[in-house]
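The structure appears below as structure tokens.
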Amino acid sequence: MSGRIFQTLVALVLSGLWAIALGYGHWRDELPFLDRAEGALTALRMVARGERPAPELVTIVAIDDDTVARTGAYPLHRADLAAIVDGIARFKPRIIALDVLLLDRGNDGGDAALALAFDKSPTVIAAAAVFPETRQSIAADEADPLARLPRADRFLLPLNTFTDHAAVGVANLIKDKSGTPRGIPMLFRTGDKIELSFPLRAAALATGTEPTIDTDSVTLAQRRIPTDVGHVLPLAFYGRHGTVRTISAARILDGEVASEALQDRIVVIGTTVTGGGDVFSTPFDPVMPGAEIIATTIAHLVTGDGIRLDRFTRAVDTIVALALTLLLVALLAWQRSALGLLAIVAVLLAWVAANFTAFSHGIWLSAALPLAAAVPPTLLFGAVQLWLNRREAQYLARNSELLLQFQAPALRKWLTENPKFLLEPVRQDAAIVFIDLSGFTSLSETLGMDVAREMLKDFHALIDEEVAARGGLITSFLGDGAMILFGLPQSTSDDARNAALCCVNLCHRTERWIETLPPSIASRTGFKVGAHFGPIVASRLGGSYQQITATGDSVNVASRLMEVAATEGALLALSDELLRQARPQCPLLTVGVLTGPVEARIRGRSQPLSVWFWRNDSSRR
């Protein structure tokens, strides 16, 4: 298994475990750190979905600034509150839901009047649950079907004077980290008591049926309504304050209300007075009255137009989170390029579209969970891959720099721009130069390996400088000599001239270099140079590891000319063909003594060759 496949498999396994762990916590509603992100993303989806018309079934009667101005007191006197309830009851509403806590005793006349008003219409009044912590605690005993109900220290119940005449429901709600109401529990419990929520009690009274509580739902009037963990009914706000039909309680007191606004309606009485404090922030309105949130919840229960968030959708969230995580990591491993990033963006856009579509159709799929599951592993995997790729690039760069030392700069550049160079052999004319030290083989026996190596290193550096200066190519160092080509990677009209000038300069510099050696070594060291111009076959030779070289008769002739130079006591033997190609633009050949042409016998050839010999005036014969 390759390293890349192994890395991808490890990343997929770890990412999958991360997604499953988050999904399990989400399924149990035990990931509070995602609440703020989910709240913000839900607000965006709700605003993008837009406002919806609220059901005509529900009407809010608001104890607002006009009401307080008319009655002259806040909180309202019980007699004024009784007058409002009595005024609503005259229109035969389906029920009246009074979202006002009646915990303290008022004057006897007012309390009695309010209690009598409750008898004129089915009425629900609010209670409150007191919790020991800011975050409502949930028991962990899964064997108890009611274990995950919000557990309160105690209930603040209305006075018995009122509970004898009206039903009671707990009006608490659950907020997310941003303070936006997320849902309303349908049931609350203390150590020895269970109470229905205010909206559920009102909806049950309005439908004339008792609610049936199942594990993850509430059934009311034969309609099953899914609920979230802890029997929480999620909220889907209709719009801004006033989207649910709202009339002022002052109009009730003044008798200015049309009957159709209240008759056979669920009427919620609540406080909207400025500074009353019973307001909450929602995606549509930063100061939504609590009475409108209660009215929204009652409408969800009676009409079934709420949004679904329950164990099933949480299980779907887990599957989506796992699939999205594995898919993004796999795409990043598949294509570490712009194509892979485009594929990831396309997948994310498709998920966003599907999530929003589900939300618009009343299914609340989590947006924060898939992101929390998919983004960290994808970013971490991408960062690790970038780090590994960078290390690999650095490794390859170091190796490339090392390998480039084995090719001439001109050839490196040519191979980079023309990677197919010499995949097929090429026939062309070129100048071929050979240079070799004389007596080095016997000398190396006495010098030792280290001294001989340093001596060759200096000699090879000398050759490399001169060849590079004239645009030649060293195809190989042959121990104590070298083979040089002029005409690769491209042939030019100056190849012969450059080869001739390089030969003369090599002779001058090699002589001076030998003079710098210790006398015992210099006296036993010489050199010879052979150069020829003619057709060659340039190609790549070798199997897995290839080198560029030239073959053909011209190469053999240039090599044999070193022997001819040594026989004639010259430093340099040039073929007449090379000299003819180099003239008349080779003035340096006049520096020294050039003799010839001489018909010289070349070992291995049947025909003689016209050869010129070049000697320096100071050359040793």
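All residue names refer to the structure tokens as shown: chains lettered A, B, ... in order, residues numbered from 1 in each chain, ligands numbered from 1 in order.
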Within 8 Å of Ile294 in chain A, counting only C-alpha atoms, which residues qualify if same-chain residues fewer than 2 places away don't, as a count of residues only?
-> 10
List as a PDB file with all heavy atoms, in the first residue's frame the protein and nucleic acid residues near Glu210 in chain A, meaning an atom at most 12 Å away when only C-alpha atoms are counted, but skip any in the same chain fewer than 3 places from it.
ATOM      1  N   LEU A 196     -47.871  20.411  32.634  1.00  0.00           N
ATOM      2  CA  LEU A 196     -47.889  20.697  31.206  1.00  0.00           C
ATOM      3  C   LEU A 196     -47.467  22.151  30.970  1.00  0.00           C
ATOM      4  O   LEU A 196     -47.634  23.016  31.836  1.00  0.00           O
ATOM      5  CB  LEU A 196     -49.288  20.485  30.623  1.00  0.00           C
ATOM      6  CG  LEU A 196     -49.604  19.088  30.059  1.00  0.00           C
ATOM      7  CD1 LEU A 196     -49.536  18.041  31.151  1.00  0.00           C
ATOM      8  CD2 LEU A 196     -50.961  19.098  29.360  1.00  0.00           C
ATOM      9  N   LEU A 200     -49.156  24.020  25.576  1.00  0.00           N
ATOM     10  CA  LEU A 200     -49.791  22.720  25.408  1.00  0.00           C
ATOM     11  C   LEU A 200     -51.129  22.674  26.137  1.00  0.00           C
ATOM     12  O   LEU A 200     -52.120  22.140  25.619  1.00  0.00           O
ATOM     13  CB  LEU A 200     -48.874  21.611  25.922  1.00  0.00           C
ATOM     14  CG  LEU A 200     -49.412  20.189  25.793  1.00  0.00           C
ATOM     15  CD1 LEU A 200     -49.738  19.855  24.336  1.00  0.00           C
ATOM     16  CD2 LEU A 200     -48.423  19.174  26.371  1.00  0.00           C
ATOM     17  N   ARG A 201     -51.185  23.268  27.330  1.00  0.00           N
ATOM     18  CA  ARG A 201     -52.448  23.300  28.063  1.00  0.00           C
ATOM     19  C   ARG A 201     -53.491  24.117  27.288  1.00  0.00           C
ATOM     20  O   ARG A 201     -54.656  23.741  27.179  1.00  0.00           O
ATOM     21  CB  ARG A 201     -52.231  23.917  29.440  1.00  0.00           C
ATOM     22  CG  ARG A 201     -53.454  23.919  30.321  1.00  0.00           C
ATOM     23  CD  ARG A 201     -53.789  22.511  30.819  1.00  0.00           C
ATOM     24  NE  ARG A 201     -52.907  22.111  31.902  1.00  0.00           N
ATOM     25  CZ  ARG A 201     -53.016  20.929  32.501  1.00  0.00           C
ATOM     26  NH1 ARG A 201     -53.938  20.055  32.090  1.00  0.00           N
ATOM     27  NH2 ARG A 201     -52.188  20.604  33.479  1.00  0.00           N
ATOM     28  N   ALA A 202     -53.054  25.218  26.694  1.00  0.00           N
ATOM     29  CA  ALA A 202     -53.980  26.051  25.928  1.00  0.00           C
ATOM     30  C   ALA A 202     -54.452  25.327  24.678  1.00  0.00           C
ATOM     31  O   ALA A 202     -55.643  25.355  24.322  1.00  0.00           O
ATOM     32  CB  ALA A 202     -53.297  27.366  25.560  1.00  0.00           C
ATOM     33  N   ALA A 203     -53.534  24.650  23.974  1.00  0.00           N
ATOM     34  CA  ALA A 203     -53.909  23.935  22.760  1.00  0.00           C
ATOM     35  C   ALA A 203     -54.851  22.777  23.082  1.00  0.00           C
ATOM     36  O   ALA A 203     -55.806  22.505  22.325  1.00  0.00           O
ATOM     37  CB  ALA A 203     -52.656  23.425  22.058  1.00  0.00           C
ATOM     38  N   ALA A 204     -54.583  22.081  24.179  1.00  0.00           N
ATOM     39  CA  ALA A 204     -55.466  20.980  24.571  1.00  0.00           C
ATOM     40  C   ALA A 204     -56.859  21.499  24.891  1.00  0.00           C
ATOM     41  O   ALA A 204     -57.880  20.899  24.505  1.00  0.00           O
ATOM     42  CB  ALA A 204     -54.874  20.249  25.773  1.00  0.00           C
ATOM     43  N   LEU A 205     -56.931  22.611  25.579  1.00  0.00           N
ATOM     44  CA  LEU A 205     -58.225  23.189  25.923  1.00  0.00           C
ATOM     45  C   LEU A 205     -58.944  23.679  24.670  1.00  0.00           C
ATOM     46  O   LEU A 205     -60.169  23.531  24.542  1.00  0.00           O
ATOM     47  CB  LEU A 205     -58.024  24.339  26.914  1.00  0.00           C
ATOM     48  CG  LEU A 205     -59.259  24.834  27.679  1.00  0.00           C
ATOM     49  CD1 LEU A 205     -59.867  23.700  28.506  1.00  0.00           C
ATOM     50  CD2 LEU A 205     -58.884  26.008  28.573  1.00  0.00           C
ATOM     51  N   ALA A 206     -58.169  24.225  23.703  1.00  0.00           N
ATOM     52  CA  ALA A 206     -58.774  24.739  22.478  1.00  0.00           C
ATOM     53  C   ALA A 206     -59.309  23.622  21.597  1.00  0.00           C
ATOM     54  O   ALA A 206     -60.317  23.792  20.896  1.00  0.00           O
ATOM     55  CB  ALA A 206     -57.747  25.559  21.704  1.00  0.00           C
ATOM     56  N   THR A 207     -58.654  22.472  21.599  1.00  0.00           N
ATOM     57  CA  THR A 207     -59.101  21.352  20.774  1.00  0.00           C
ATOM     58  C   THR A 207     -60.063  20.442  21.511  1.00  0.00           C
ATOM     59  O   THR A 207     -60.647  19.528  20.914  1.00  0.00           O
ATOM     60  CB  THR A 207     -57.890  20.529  20.304  1.00  0.00           C
ATOM     61  OG1 THR A 207     -57.151  20.076  21.448  1.00  0.00           O
ATOM     62  CG2 THR A 207     -56.979  21.361  19.406  1.00  0.00           C
ATOM     63  N   ILE A 213     -48.707  11.905  25.428  1.00  0.00           N
ATOM     64  CA  ILE A 213     -47.261  12.124  25.396  1.00  0.00           C
ATOM     65  C   ILE A 213     -46.578  10.815  25.023  1.00  0.00           C
ATOM     66  O   ILE A 213     -46.681   9.814  25.742  1.00  0.00           O
ATOM     67  CB  ILE A 213     -46.742  12.621  26.759  1.00  0.00           C
ATOM     68  CG1 ILE A 213     -47.563  13.827  27.238  1.00  0.00           C
ATOM     69  CG2 ILE A 213     -45.268  12.973  26.662  1.00  0.00           C
ATOM     70  CD1 ILE A 213     -47.518  15.022  26.329  1.00  0.00           C
ATOM     71  N   VAL A 218     -45.922  14.558  20.711  1.00  0.00           N
ATOM     72  CA  VAL A 218     -47.163  14.848  21.423  1.00  0.00           C
ATOM     73  C   VAL A 218     -48.297  14.650  20.432  1.00  0.00           C
ATOM     74  O   VAL A 218     -48.230  15.144  19.294  1.00  0.00           O
ATOM     75  CB  VAL A 218     -47.171  16.292  21.962  1.00  0.00           C
ATOM     76  CG1 VAL A 218     -48.541  16.645  22.521  1.00  0.00           C
ATOM     77  CG2 VAL A 218     -46.092  16.471  23.023  1.00  0.00           C
ATOM     78  N   THR A 219     -49.311  13.912  20.826  1.00  0.00           N
ATOM     79  CA  THR A 219     -50.483  13.726  19.973  1.00  0.00           C
ATOM     80  C   THR A 219     -51.623  14.545  20.535  1.00  0.00           C
ATOM     81  O   THR A 219     -51.982  14.410  21.705  1.00  0.00           O
ATOM     82  CB  THR A 219     -50.869  12.243  19.888  1.00  0.00           C
ATOM     83  OG1 THR A 219     -49.758  11.493  19.377  1.00  0.00           O
ATOM     84  CG2 THR A 219     -52.067  12.052  18.967  1.00  0.00           C
ATOM     85  N   LEU A 220     -52.181  15.381  19.668  1.00  0.00           N
ATOM     86  CA  LEU A 220     -53.245  16.295  20.084  1.00  0.00           C
ATOM     87  C   LEU A 220     -54.298  16.325  18.994  1.00  0.00           C
ATOM     88  O   LEU A 220     -53.995  16.626  17.830  1.00  0.00           O
ATOM     89  CB  LEU A 220     -52.664  17.696  20.309  1.00  0.00           C
ATOM     90  CG  LEU A 220     -53.525  18.708  21.036  1.00  0.00           C
ATOM     91  CD1 LEU A 220     -53.776  18.272  22.475  1.00  0.00           C
ATOM     92  CD2 LEU A 220     -52.837  20.084  21.019  1.00  0.00           C
ATOM     93  N   ALA A 221     -55.532  15.972  19.344  1.00  0.00           N
ATOM     94  CA  ALA A 221     -56.636  15.928  18.379  1.00  0.00           C
ATOM     95  C   ALA A 221     -56.259  15.056  17.187  1.00  0.00           C
ATOM     96  O   ALA A 221     -56.451  15.436  16.022  1.00  0.00           O
ATOM     97  CB  ALA A 221     -57.001  17.339  17.911  1.00  0.00           C
ATOM     98  N   GLN A 222     -55.699  13.899  17.483  1.00  0.00           N
ATOM     99  CA  GLN A 222     -55.303  12.901  16.492  1.00  0.00           C
ATOM    100  C   GLN A 222     -54.200  13.401  15.560  1.00  0.00           C
ATOM    101  O   GLN A 222     -53.964  12.808  14.502  1.00  0.00           O
ATOM    102  CB  GLN A 222     -56.525  12.440  15.665  1.00  0.00           C
ATOM    103  CG  GLN A 222     -57.601  11.773  16.508  1.00  0.00           C
ATOM    104  CD  GLN A 222     -58.757  11.249  15.673  1.00  0.00           C
ATOM    105  OE1 GLN A 222     -58.960  11.690  14.536  1.00  0.00           O
ATOM    106  NE2 GLN A 222     -59.500  10.318  16.235  1.00  0.00           N
ATOM    107  N   ARG A 223     -53.517  14.462  15.904  1.00  0.00           N
ATOM    108  CA  ARG A 223     -52.380  14.939  15.117  1.00  0.00           C
ATOM    109  C   ARG A 223     -51.115  14.692  15.926  1.00  0.00           C
ATOM    110  O   ARG A 223     -50.982  15.174  17.052  1.00  0.00           O
ATOM    111  CB  ARG A 223     -52.516  16.424  14.785  1.00  0.00           C
ATOM    112  CG  ARG A 223     -51.257  16.958  14.066  1.00  0.00           C
ATOM    113  CD  ARG A 223     -51.299  18.452  13.803  1.00  0.00           C
ATOM    114  NE  ARG A 223     -52.247  18.757  12.736  1.00  0.00           N
ATOM    115  CZ  ARG A 223     -53.347  19.451  12.900  1.00  0.00           C
ATOM    116  NH1 ARG A 223     -53.660  19.903  14.117  1.00  0.00           N
ATOM    117  NH2 ARG A 223     -54.154  19.697  11.890  1.00  0.00           N
TER     118      ARG A 223
END
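Shortest atom-to-atom contact with Leu443 in chain A among A:Gly276, A:Gly526, A:Pro608, A:Pro597: A:Gly526, counting only C-alpha atoms.
Atom pair CA of Leu462 in chain A / CA of Val537 in chain A: separated by 27.3 Å.
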Near range 28-37 of chain A, counting only C-alpha atoms, which residues have an atom at most 7 Å away, once you skip same-chain residues fewer than 6 positions from it, shown as a list of chain:residue names?
-> A:Asp176, A:Lys177, A:Ser178, A:Val229, A:Ala368
Write to file, as an mmCIF file, in the first residue's frame, the residues of the selection just made, with all heavy atoms.
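Written out: again-v1.cif:
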data_model
loop_
_atom_site.group_PDB
_atom_site.id
_atom_site.type_symbol
_atom_site.label_atom_id
_atom_site.label_comp_id
_atom_site.auth_asym_id
_atom_site.auth_seq_id
_atom_site.Cartn_x
_atom_site.Cartn_y
_atom_site.Cartn_z
ATOM 1 N N ASP A 176 -31.303 29.810 23.073
ATOM 2 C CA ASP A 176 -29.963 29.387 22.691
ATOM 3 C C ASP A 176 -28.943 30.372 23.247
ATOM 4 O O ASP A 176 -29.284 31.297 23.989
ATOM 5 C CB ASP A 176 -29.842 29.235 21.170
ATOM 6 C CG ASP A 176 -30.111 30.540 20.421
ATOM 7 O OD1 ASP A 176 -29.952 31.619 21.024
ATOM 8 O OD2 ASP A 176 -30.487 30.478 19.231
ATOM 9 N N LYS A 177 -27.682 30.204 22.893
ATOM 10 C CA LYS A 177 -26.616 31.035 23.460
ATOM 11 C C LYS A 177 -26.766 32.506 23.103
ATOM 12 O O LYS A 177 -26.276 33.379 23.814
ATOM 13 C CB LYS A 177 -25.258 30.529 22.964
ATOM 14 C CG LYS A 177 -24.875 29.149 23.482
ATOM 15 C CD LYS A 177 -24.586 29.182 24.963
ATOM 16 C CE LYS A 177 -24.061 27.829 25.444
ATOM 17 N NZ LYS A 177 -23.776 27.825 26.889
ATOM 18 N N SER A 178 -27.431 32.802 21.983
ATOM 19 C CA SER A 178 -27.608 34.190 21.570
ATOM 20 C C SER A 178 -28.797 34.851 22.243
ATOM 21 O O SER A 178 -29.041 36.041 22.043
ATOM 22 C CB SER A 178 -27.779 34.264 20.051
ATOM 23 O OG SER A 178 -28.972 33.620 19.653
ATOM 24 N N VAL A 229 -35.531 16.509 21.883
ATOM 25 C CA VAL A 229 -35.085 15.911 23.143
ATOM 26 C C VAL A 229 -35.672 16.698 24.308
ATOM 27 O O VAL A 229 -35.661 17.930 24.323
ATOM 28 C CB VAL A 229 -33.549 15.919 23.216
ATOM 29 C CG1 VAL A 229 -33.074 15.381 24.563
ATOM 30 C CG2 VAL A 229 -32.963 15.093 22.072
ATOM 31 N N ALA A 368 -24.836 23.583 11.872
ATOM 32 C CA ALA A 368 -23.570 23.668 12.601
ATOM 33 C C ALA A 368 -22.881 22.307 12.711
ATOM 34 O O ALA A 368 -21.649 22.222 12.618
ATOM 35 C CB ALA A 368 -23.800 24.251 13.992
#
DSSP says helix (DSSP H, G or I) for which residues of range 442-615 of chain A? Put them as a ChimeraX atom specification?
-> /A:442-447,449-469,495-516,519-522,553-568,576-582,587-590
Within 10 Å of Phe381 in chain A using only C-alpha atoms, minus same-chain residues under 2 positions, as a VMD selection string | chain A and resid 7 to 8 11 to 12 15 329 332 to 333 375 to 379 383 to 387
Please run DSSP on the backbone and report, as a VMD selection string, all residues within range 406-585 of chain A that come out as strand (DSSP E).
-> chain A and resid 426 to 438 473 to 477 481 to 486 526 to 542 546 to 551 572 to 575
